[in-house]
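Dropping structure.pdb in here (PDB, C-alpha atoms, pLDDT in the B column):
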MODEL        1
ATOM      1  CA  PRO Z   1      -5.589  -4.119 -15.787  1.00 50.00           C
ATOM      2  CA  THR Z   2      -2.743  -4.180 -13.273  1.00 51.00           C
ATOM      3  CA  THR Z   3      -2.943  -7.947 -12.752  1.00 54.00           C
ATOM      4  CA  GLN Z   4      -2.369  -8.778 -16.438  1.00 55.00           C
ATOM      5  CA  PRO Z   5       1.481  -8.670 -16.386  1.00 56.00           C
ATOM      6  CA  TYR Z   6       1.498 -10.853 -13.264  1.00 52.00           C
ATOM      7  CA  GLN Z   7      -0.863 -13.377 -14.876  1.00 56.00           C
ATOM      8  CA  ASN Z   8       1.224 -13.470 -18.051  1.00 57.00           C
ATOM      9  CA  GLU Z   9       4.393 -14.037 -16.014  1.00 58.00           C
ATOM     10  CA  LYS Z  10       2.691 -16.789 -14.029  1.00 54.00           C
ATOM     11  CA  GLN Z  11       1.495 -18.495 -17.230  1.00 54.00           C
ATOM     12  CA  THR Z  12       4.980 -18.272 -18.762  1.00 56.00           C
ATOM     13  CA  MET Z  13       6.499 -19.864 -15.654  1.00 53.00           C
ATOM     14  CA  ALA Z  14       3.911 -22.660 -15.730  1.00 51.00           C
ATOM     15  CA  ASP Z  15       4.630 -23.300 -19.414  1.00 54.00           C
ATOM     16  CA  SER Z  16       8.360 -23.477 -18.742  1.00 53.00           C
ATOM     17  CA  LEU Z  17       7.816 -26.045 -15.968  1.00 54.00           C
ATOM     18  CA  THR Z  18       5.545 -28.226 -18.110  1.00 60.00           C
ATOM     19  CA  CYS Z  19       7.430 -31.099 -19.665  1.00 63.00           C
ATOM     20  CA  ALA Z  20       6.515 -31.706 -23.288  1.00 64.00           C
ATOM     21  CA  ASN Z  21       8.744 -34.746 -23.671  1.00 64.00           C
ATOM     22  CA  LYS Z  22       7.053 -38.079 -24.470  1.00 65.00           C
ATOM     23  CA  PHE Z  23       8.770 -39.636 -21.462  1.00 64.00           C
ATOM     24  CA  CYS Z  24       7.124 -37.218 -19.001  1.00 70.00           C
ATOM     25  CA  ASN Z  25       4.272 -38.398 -16.787  1.00 64.00           C
ATOM     26  CA  THR Z  26       0.974 -36.558 -17.069  1.00 67.00           C
ATOM     27  CA  GLY Z  27      -0.197 -37.517 -13.582  1.00 71.00           C
ATOM     28  CA  TRP Z  28      -0.245 -40.097 -10.817  1.00 72.00           C
ATOM     29  CA  ALA Z  29      -2.510 -42.389 -12.845  1.00 74.00           C
ATOM     30  CA  GLU Z  30       0.170 -42.700 -15.499  1.00 73.00           C
ATOM     31  CA  VAL Z  31       2.901 -43.174 -12.900  1.00 74.00           C
ATOM     32  CA  LEU Z  32       1.041 -46.023 -11.196  1.00 75.00           C
ATOM     33  CA  THR Z  33      -0.020 -47.764 -14.411  1.00 75.00           C
ATOM     34  CA  HIS Z  34       3.511 -47.630 -15.843  1.00 78.00           C
ATOM     35  CA  MET Z  35       5.294 -49.018 -12.793  1.00 84.00           C
ATOM     36  CA  SER Z  36       7.072 -52.299 -13.359  1.00 87.00           C
ATOM     37  CA  PRO Z  37       5.208 -55.417 -12.149  1.00 89.00           C
ATOM     38  CA  TYR Z  38       8.466 -56.388 -10.448  1.00 90.00           C
ATOM     39  CA  GLY Z  39       8.164 -53.176  -8.458  1.00 92.00           C
ATOM     40  CA  TYR Z  40       4.562 -53.921  -7.495  1.00 93.00           C
ATOM     41  CA  ALA Z  41       5.489 -57.463  -6.445  1.00 94.00           C
ATOM     42  CA  ASN Z  42       8.362 -56.315  -4.250  1.00 94.00           C
ATOM     43  CA  PHE Z  43       6.242 -53.542  -2.735  1.00 95.00           C
ATOM     44  CA  GLY Z  44       3.692 -56.238  -1.865  1.00 95.00           C
ATOM     45  CA  ILE Z  45       6.390 -58.266  -0.124  1.00 95.00           C
ATOM     46  CA  ALA Z  46       7.615 -55.202   1.769  1.00 96.00           C
ATOM     47  CA  PHE Z  47       4.131 -54.083   2.846  1.00 96.00           C
ATOM     48  CA  GLY Z  48       3.107 -57.599   3.879  1.00 95.00           C
ATOM     49  CA  LEU Z  49       6.170 -58.066   6.065  1.00 96.00           C
ATOM     50  CA  GLY Z  50       6.451 -54.463   7.266  1.00 96.00           C
ATOM     51  CA  PHE Z  51       2.825 -53.990   8.291  1.00 96.00           C
ATOM     52  CA  SER Z  52       2.808 -57.391  10.020  1.00 96.00           C
ATOM     53  CA  VAL Z  53       5.846 -56.450  12.088  1.00 96.00           C
ATOM     54  CA  VAL Z  54       4.248 -53.086  12.922  1.00 96.00           C
ATOM     55  CA  GLY Z  55       1.111 -54.879  14.128  1.00 95.00           C
ATOM     56  CA  ALA Z  56       3.144 -57.330  16.215  1.00 95.00           C
ATOM     57  CA  ALA Z  57       5.307 -54.600  17.738  1.00 95.00           C
ATOM     58  CA  TRP Z  58       2.289 -52.444  18.534  1.00 95.00           C
ATOM     59  CA  GLY Z  59       0.506 -55.359  20.197  1.00 94.00           C
ATOM     60  CA  ILE Z  60       3.566 -56.382  22.229  1.00 94.00           C
ATOM     61  CA  TRP Z  61       4.021 -52.774  23.335  1.00 94.00           C
ATOM     62  CA  LEU Z  62       0.409 -52.585  24.533  1.00 93.00           C
ATOM     63  CA  THR Z  63       0.229 -55.935  26.296  1.00 92.00           C
ATOM     64  CA  GLY Z  64       3.847 -55.998  27.527  1.00 90.00           C
ATOM     65  CA  SER Z  65       3.661 -52.661  29.296  1.00 91.00           C
ATOM     66  CA  SER Z  66       0.421 -53.615  31.063  1.00 91.00           C
ATOM     67  CA  LEU Z  67       1.801 -57.038  31.961  1.00 90.00           C
ATOM     68  CA  VAL Z  68       4.934 -55.641  33.581  1.00 88.00           C
ATOM     69  CA  GLY Z  69       2.975 -52.968  35.432  1.00 89.00           C
ATOM     70  CA  ALA Z  70       0.337 -55.369  36.755  1.00 88.00           C
ATOM     71  CA  ALA Z  71       2.992 -57.948  37.729  1.00 88.00           C
ATOM     72  CA  VAL Z  72       4.433 -55.481  40.226  1.00 88.00           C
ATOM     73  CA  LYS Z  73       1.358 -55.964  42.430  1.00 85.00           C
ATOM     74  CA  ALA Z  74       0.513 -59.538  41.338  1.00 88.00           C
ATOM     75  CA  PRO Z  75       3.712 -61.448  40.422  1.00 87.00           C
ATOM     76  CA  ARG Z  76       1.732 -64.670  39.810  1.00 88.00           C
ATOM     77  CA  ILE Z  77       0.472 -63.356  36.435  1.00 86.00           C
ATOM     78  CA  ARG Z  78       3.917 -63.060  34.855  1.00 82.00           C
ATOM     79  CA  SER Z  79       4.259 -66.507  33.300  1.00 84.00           C
ATOM     80  CA  LYS Z  80       0.789 -67.378  32.042  1.00 85.00           C
ATOM     81  CA  ASN Z  81       0.146 -63.927  30.562  1.00 87.00           C
ATOM     82  CA  LEU Z  82       3.139 -64.309  28.260  1.00 88.00           C
ATOM     83  CA  ILE Z  83       0.712 -66.164  25.976  1.00 90.00           C
ATOM     84  CA  SER Z  84      -0.568 -62.718  24.978  1.00 90.00           C
ATOM     85  CA  VAL Z  85       2.908 -61.728  23.781  1.00 92.00           C
ATOM     86  CA  ILE Z  86       3.159 -64.979  21.808  1.00 92.00           C
ATOM     87  CA  PHE Z  87      -0.161 -64.255  20.083  1.00 92.00           C
ATOM     88  CA  CYS Z  88       1.146 -60.813  19.100  1.00 92.00           C
ATOM     89  CA  GLU Z  89       4.385 -62.284  17.781  1.00 93.00           C
ATOM     90  CA  ALA Z  90       2.372 -64.710  15.649  1.00 93.00           C
ATOM     91  CA  THR Z  91       1.184 -61.821  13.478  1.00 93.00           C
ATOM     92  CA  ALA Z  92       4.794 -61.062  12.531  1.00 94.00           C
ATOM     93  CA  ILE Z  93       5.343 -64.752  11.740  1.00 95.00           C
ATOM     94  CA  TYR Z  94       2.350 -64.669   9.373  1.00 94.00           C
ATOM     95  CA  GLY Z  95       3.985 -61.757   7.564  1.00 95.00           C
ATOM     96  CA  VAL Z  96       7.315 -63.581   7.310  1.00 96.00           C
ATOM     97  CA  ILE Z  97       5.606 -66.684   5.894  1.00 95.00           C
ATOM     98  CA  MET Z  98       3.743 -64.638   3.289  1.00 94.00           C
ATOM     99  CA  ALA Z  99       6.865 -62.682   2.365  1.00 95.00           C
ATOM    100  CA  ILE Z 100       8.773 -65.926   1.748  1.00 95.00           C
ATOM    101  CA  ILE Z 101       5.940 -67.320  -0.391  1.00 94.00           C
ATOM    102  CA  LEU Z 102       5.735 -64.136  -2.475  1.00 94.00           C
ATOM    103  CA  ALA Z 103       9.507 -63.732  -2.810  1.00 94.00           C
ATOM    104  CA  ASN Z 104       9.779 -67.238  -4.269  1.00 93.00           C
ATOM    105  CA  LYS Z 105       7.265 -66.288  -6.953  1.00 92.00           C
ATOM    106  CA  VAL Z 106       9.345 -63.418  -8.365  1.00 91.00           C
ATOM    107  CA  LYS Z 107      11.249 -64.805 -11.359  1.00 88.00           C
ATOM    108  CA  LYS Z 108      13.603 -62.878 -13.614  1.00 85.00           C
ATOM    109  CA  PRO Z 109      13.648 -63.383 -17.429  1.00 84.00           C
ATOM    110  CA  GLU Z 110      15.788 -66.222 -18.732  1.00 83.00           C
ATOM    111  CA  ASP Z 111      17.766 -63.934 -21.028  1.00 79.00           C
ATOM    112  CA  PRO Z 112      19.193 -60.644 -19.697  1.00 79.00           C
ATOM    113  CA  VAL Z 113      17.643 -57.927 -21.882  1.00 75.00           C
ATOM    114  CA  SER Z 114      17.104 -54.191 -21.555  1.00 74.00           C
ATOM    115  CA  GLU Z 115      13.601 -54.384 -23.079  1.00 78.00           C
ATOM    116  CA  LEU Z 116      11.069 -57.197 -23.062  1.00 78.00           C
ATOM    117  CA  ALA Z 117      10.130 -58.815 -26.362  1.00 78.00           C
ATOM    118  CA  GLU Z 118       6.908 -57.954 -28.183  1.00 82.00           C
ATOM    119  CA  ALA Z 119       5.705 -61.534 -27.716  1.00 81.00           C
ATOM    120  CA  TRP Z 120       6.033 -61.245 -23.941  1.00 84.00           C
ATOM    121  CA  ASP Z 121       3.013 -62.299 -21.881  1.00 86.00           C
ATOM    122  CA  TYR Z 122       2.207 -58.803 -20.641  1.00 85.00           C
ATOM    123  CA  ASN Z 123      -1.218 -59.798 -19.316  1.00 88.00           C
ATOM    124  CA  GLY Z 124       0.288 -62.462 -17.071  1.00 88.00           C
ATOM    125  CA  PHE Z 125       3.189 -60.144 -16.252  1.00 87.00           C
ATOM    126  CA  TYR Z 126       0.971 -57.353 -14.893  1.00 89.00           C
ATOM    127  CA  TYR Z 127      -1.482 -59.792 -13.331  1.00 92.00           C
ATOM    128  CA  ALA Z 128       1.348 -61.314 -11.286  1.00 92.00           C
ATOM    129  CA  GLY Z 129       2.592 -57.897 -10.158  1.00 92.00           C
ATOM    130  CA  TYR Z 130      -0.808 -56.550  -9.159  1.00 93.00           C
ATOM    131  CA  GLY Z 131      -1.826 -59.861  -7.551  1.00 94.00           C
ATOM    132  CA  MET Z 132       1.268 -60.057  -5.380  1.00 94.00           C
ATOM    133  CA  PHE Z 133       0.893 -56.407  -4.387  1.00 95.00           C
ATOM    134  CA  SER Z 134      -2.716 -57.045  -3.330  1.00 94.00           C
ATOM    135  CA  ALA Z 135      -1.763 -60.234  -1.481  1.00 95.00           C
ATOM    136  CA  GLY Z 136       0.929 -58.389   0.474  1.00 95.00           C
ATOM    137  CA  LEU Z 137      -1.475 -55.608   1.409  1.00 95.00           C
ATOM    138  CA  SER Z 138      -4.165 -58.102   2.432  1.00 94.00           C
ATOM    139  CA  VAL Z 139      -1.800 -59.841   4.830  1.00 95.00           C
ATOM    140  CA  GLY Z 140      -0.140 -56.671   6.112  1.00 95.00           C
ATOM    141  CA  LEU Z 141      -3.303 -54.705   6.859  1.00 95.00           C
ATOM    142  CA  THR Z 142      -5.115 -57.615   8.508  1.00 95.00           C
ATOM    143  CA  ASN Z 143      -2.055 -58.285  10.661  1.00 95.00           C
ATOM    144  CA  ILE Z 144      -1.946 -54.660  11.811  1.00 95.00           C
ATOM    145  CA  ALA Z 145      -5.585 -54.991  12.918  1.00 95.00           C
ATOM    146  CA  SER Z 146      -4.932 -58.394  14.480  1.00 95.00           C
ATOM    147  CA  GLY Z 147      -1.794 -57.275  16.330  1.00 94.00           C
ATOM    148  CA  ILE Z 148      -3.438 -54.208  17.832  1.00 95.00           C
ATOM    149  CA  SER Z 149      -6.555 -56.187  18.740  1.00 94.00           C
ATOM    150  CA  VAL Z 150      -4.536 -58.911  20.467  1.00 94.00           C
ATOM    151  CA  GLY Z 151      -2.424 -56.277  22.228  1.00 93.00           C
ATOM    152  CA  ILE Z 152      -5.418 -54.459  23.685  1.00 94.00           C
ATOM    153  CA  ALA Z 153      -7.100 -57.728  24.689  1.00 92.00           C
ATOM    154  CA  GLY Z 154      -3.829 -58.971  26.209  1.00 91.00           C
ATOM    155  CA  SER Z 155      -3.438 -55.758  28.153  1.00 92.00           C
ATOM    156  CA  SER Z 156      -6.946 -56.151  29.555  1.00 90.00           C
ATOM    157  CA  CYS Z 157      -6.217 -59.804  30.314  1.00 89.00           C
ATOM    158  CA  ALA Z 158      -3.145 -58.934  32.385  1.00 91.00           C
ATOM    159  CA  LEU Z 159      -4.945 -56.214  34.331  1.00 90.00           C
ATOM    160  CA  GLY Z 160      -8.044 -58.320  34.852  1.00 90.00           C
ATOM    161  CA  ASP Z 161      -6.029 -61.387  35.917  1.00 88.00           C
ATOM    162  CA  ALA Z 162      -4.156 -59.297  38.469  1.00 89.00           C
ATOM    163  CA  GLN Z 163      -7.489 -58.458  40.117  1.00 89.00           C
ATOM    164  CA  ASP Z 164      -9.367 -61.741  39.584  1.00 88.00           C
ATOM    165  CA  ALA Z 165      -7.636 -64.954  38.432  1.00 86.00           C
ATOM    166  CA  SER Z 166     -10.889 -66.395  37.108  1.00 87.00           C
ATOM    167  CA  LEU Z 167     -10.974 -63.759  34.339  1.00 86.00           C
ATOM    168  CA  PHE Z 168      -7.835 -65.087  32.614  1.00 87.00           C
ATOM    169  CA  VAL Z 169      -9.444 -67.926  30.628  1.00 87.00           C
ATOM    170  CA  LYS Z 170     -12.444 -65.796  29.682  1.00 86.00           C
ATOM    171  CA  ILE Z 171     -10.345 -62.984  28.198  1.00 86.00           C
ATOM    172  CA  LEU Z 172      -7.955 -65.502  26.617  1.00 87.00           C
ATOM    173  CA  ILE Z 173     -10.825 -66.664  24.389  1.00 90.00           C
ATOM    174  CA  VAL Z 174     -11.193 -63.085  23.158  1.00 90.00           C
ATOM    175  CA  GLU Z 175      -7.470 -63.029  22.325  1.00 90.00           C
ATOM    176  CA  ILE Z 176      -7.766 -66.248  20.332  1.00 91.00           C
ATOM    177  CA  PHE Z 177     -10.499 -64.748  18.163  1.00 92.00           C
ATOM    178  CA  ALA Z 178      -8.459 -61.560  17.723  1.00 91.00           C
ATOM    179  CA  SER Z 179      -5.449 -63.614  16.630  1.00 90.00           C
ATOM    180  CA  ALA Z 180      -7.604 -65.485  14.113  1.00 91.00           C
ATOM    181  CA  LEU Z 181      -7.972 -62.253  12.123  1.00 91.00           C
ATOM    182  CA  GLY Z 182      -4.363 -62.606  10.997  1.00 92.00           C
ATOM    183  CA  ILE Z 183      -4.993 -66.195   9.886  1.00 93.00           C
ATOM    184  CA  PHE Z 184      -7.882 -64.998   7.705  1.00 93.00           C
ATOM    185  CA  GLY Z 185      -5.543 -62.517   6.057  1.00 93.00           C
ATOM    186  CA  ILE Z 186      -2.805 -65.028   5.251  1.00 93.00           C
ATOM    187  CA  ILE Z 187      -5.348 -67.530   3.864  1.00 94.00           C
ATOM    188  CA  VAL Z 188      -6.774 -64.925   1.494  1.00 94.00           C
ATOM    189  CA  GLY Z 189      -3.265 -63.713   0.608  1.00 94.00           C
ATOM    190  CA  ILE Z 190      -2.161 -67.224  -0.367  1.00 94.00           C
ATOM    191  CA  ILE Z 191      -5.286 -67.675  -2.506  1.00 94.00           C
ATOM    192  CA  GLN Z 192      -4.681 -64.303  -4.198  1.00 92.00           C
ATOM    193  CA  SER Z 193      -1.083 -65.145  -5.010  1.00 91.00           C
ATOM    194  CA  ASN Z 194      -1.685 -68.709  -6.179  1.00 92.00           C
ATOM    195  CA  ALA Z 195      -2.272 -67.734  -9.818  1.00 88.00           C
ATOM    196  CA  CYS Z 196       0.539 -65.154  -9.889  1.00 90.00           C
ATOM    197  CA  THR Z 197       3.302 -66.472 -12.123  1.00 89.00           C
ATOM    198  CA  PHE Z 198       5.912 -64.213 -13.659  1.00 89.00           C
ATOM    199  CA  PRO Z 199       6.728 -65.124 -17.276  1.00 87.00           C
ATOM    200  CA  ILE Z 200      10.411 -65.837 -17.856  1.00 84.00           C
ATOM    201  CA  ALA Z 201      10.365 -66.144 -21.666  1.00 84.00           C
ATOM    202  CA  PRO Z 202       8.352 -64.739 -24.604  1.00 83.00           C
ATOM    203  CA  LEU Z 203       5.273 -66.595 -25.769  1.00 79.00           C
ATOM    204  CA  GLU Z 204       5.823 -69.051 -28.605  1.00 74.00           C
TER     205      GLU Z 204
ENDMDL
END
Now that the file is in, can you turn its structure into structure tokens?
Amino acid sequence: PTTQPYQNEKQTMADSLTCANKFCNTGWAEVLTHMSPYGYANFGIAFGLGFSVVGAAWGIWLTGSSLVGAAVKAPRIRSKNLISVIFCEATAIYGVIMAIILANKVKKPEDPVSELAEAWDYNGFYYAGYGMFSAGLSVGLTNIASGISVGIAGSSCALGDAQDASLFVKILIVEIFASALGIFGIIVGIIQSNACTFPIAPLE
């Protein structure tokens, strides 16, 4: 058939691109399972801090723009509605706190070596890496949700307060509950990371 030479050429090209070396990865599963626990731990720190800042910035953008716009017609709302911006900023502070806690848990080996010893505590090593990665994600993702939630509630608070001053306290309660979502995340993140201890020397 006319397609046979094309198929043979395609197969030859695929064979030439396939790495037969023992150091080659066979797929994403192998890539992820062979990543260094130090890498996972530092990714957890980065995601925890980065996502928290994203949530805070998003919330401040939402509530700040509405606050400034509504204050044009009702200047009296400017000062007291800044509490919404503070609630949004708190989500970034939660991320900073968690990042500091996790960063202090990353310990390098006592002796500088290119390869870890056979007696190394690999179970504790990987447990610490995966645990810190999960803790960072827990804090980061909950703070994104909290920041956006506080931002939308704060935006509604500013607009509602501009029309009716009695609505401020009522919507402020909603913001407090939205901000509490970030606290839940940092509590769980601290619990997750409590048992994460990087070994610094081989087992005796």
Show which residues sit within 8 Å of Ala46 in chain Z, as a PyMOL selection string. Count only C-alpha atoms, and ignore same-chain residues fewer than 3 positions away.
-> chain Z and resi 42-43+49-50+99+136
Pick from Z:Val85, Z:Ala195, Z:Ala56, Z:Ile100, whichever lies nearest to Tyr130 in chain Z using all atoms listed in the file |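 Of all the options, Z:Ala195 lies closest to Tyr130 in chain Z.
CA of Ala153 in chain Z to CA of Val174 in chain Z spans 6.9 Å [interatomic distance, one decimal].
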Go ahead and compute the interatomic distance for CA of Leu141 in chain Z and CA of Lys170 in chain Z, in Å to one decimal.
-> 27.0 Å
Name the residues in contact with Phe47 in chain Z at a cut-off of 10 Å, using all atoms listed in the file, excluding same-chain residues fewer than 5 positions from it; report them as a PyMOL selection string.
-> chain Z and resi 41-42+52-53+95+99+133-141
One decimal, Å: what's the distance from CA of Phe87 in chain Z over to CA of Ile190 in chain Z, could you say?
->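 Calculated distance between CA of Phe87 in chain Z and CA of Ile190 in chain Z is 20.8 Å.
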For this file, the PyMOL selection byres ((chain Z and resi 163) around 12) selects which residues, as number ranges by chain?
-> Z: 70-71, 73-77, 156-162, 164-168
Minimum-distance residue to Leu102 in chain Z, chosen among Z:Thr63, Z:Asn81, Z:Thr197, Z:Ser36 (using only C-alpha atoms) |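 Checking each of Z:Thr63, Z:Asn81, Z:Thr197, Z:Ser36 against Leu102 in chain Z, counting only C-alpha atoms, the winner is Z:Thr197.
If all atoms listed in the file are the atoms counted, then among Z:Ile83, Z:Ile152, Z:Leu181, Z:Val188 the closest residue to Trp58 in chain Z is Z:Ile152.
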Excluding Tyr127 in chain Z and any residue of its chain fewer than 4 positions from it, enumerate the residues within 7 Å of it, using only C-alpha atoms, and give them as a ChimeraX atom specification.
-> /Z:123,131,196
Taking the point (12.3, -66.3, -23.0) as given in the file, collect each protein or nucleic acid residue that comes within 7 Å of it, counting all atoms listed in the file, and present the set as a list in words.
->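 Here is the list of nearby residues: Pro109, Glu110, Asp111, Ile200, Ala201 and Pro202 of chain Z.
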Residues from last step as file, C-alpha atoms, as an mmCIF file, keeping the file's coordinate frame:
data_model
loop_
_atom_site.group_PDB
_atom_site.id
_atom_site.type_symbol
_atom_site.label_atom_id
_atom_site.label_comp_id
_atom_site.auth_asym_id
_atom_site.auth_seq_id
_atom_site.Cartn_x
_atom_site.Cartn_y
_atom_site.Cartn_z
ATOM 1 C CA PRO Z 109 13.648 -63.383 -17.429
ATOM 2 C CA GLU Z 110 15.788 -66.222 -18.732
ATOM 3 C CA ASP Z 111 17.766 -63.934 -21.028
ATOM 4 C CA ILE Z 200 10.411 -65.837 -17.856
ATOM 5 C CA ALA Z 201 10.365 -66.144 -21.666
ATOM 6 C CA PRO Z 202 8.352 -64.739 -24.604
#
Distance criterion (only C-alpha atoms): nearest to Tyr38 in chain Z out of Z:Met132, Z:Ile186, Z:Ala180, Z:Ala145 | Z:Met132
So which residues touch Val54 in chain Z within 9 Å, counting only C-alpha atoms, skipping near sequence neighbours fewer than 5 positions away, as a ChimeraX atom specification?
-> /Z:49,59,92,140,143-144,147
Selected residue, from Z:Ser155, Z:Met98, Z:Lys80, Z:Phe184, that lies nearest to Gly48 in chain Z when counting only C-alpha atoms = Z:Met98
Taking every listed atom of range 84-96 of chain Z and adding 6 Å to each side, what centre and edge lengths in Å (one decimal) does the axis-aligned box have, as JSON?
{"center_x": 3.4, "center_y": -62.9, "center_z": 16.1, "size_x": 19.9, "size_y": 16.2, "size_z": 29.7}
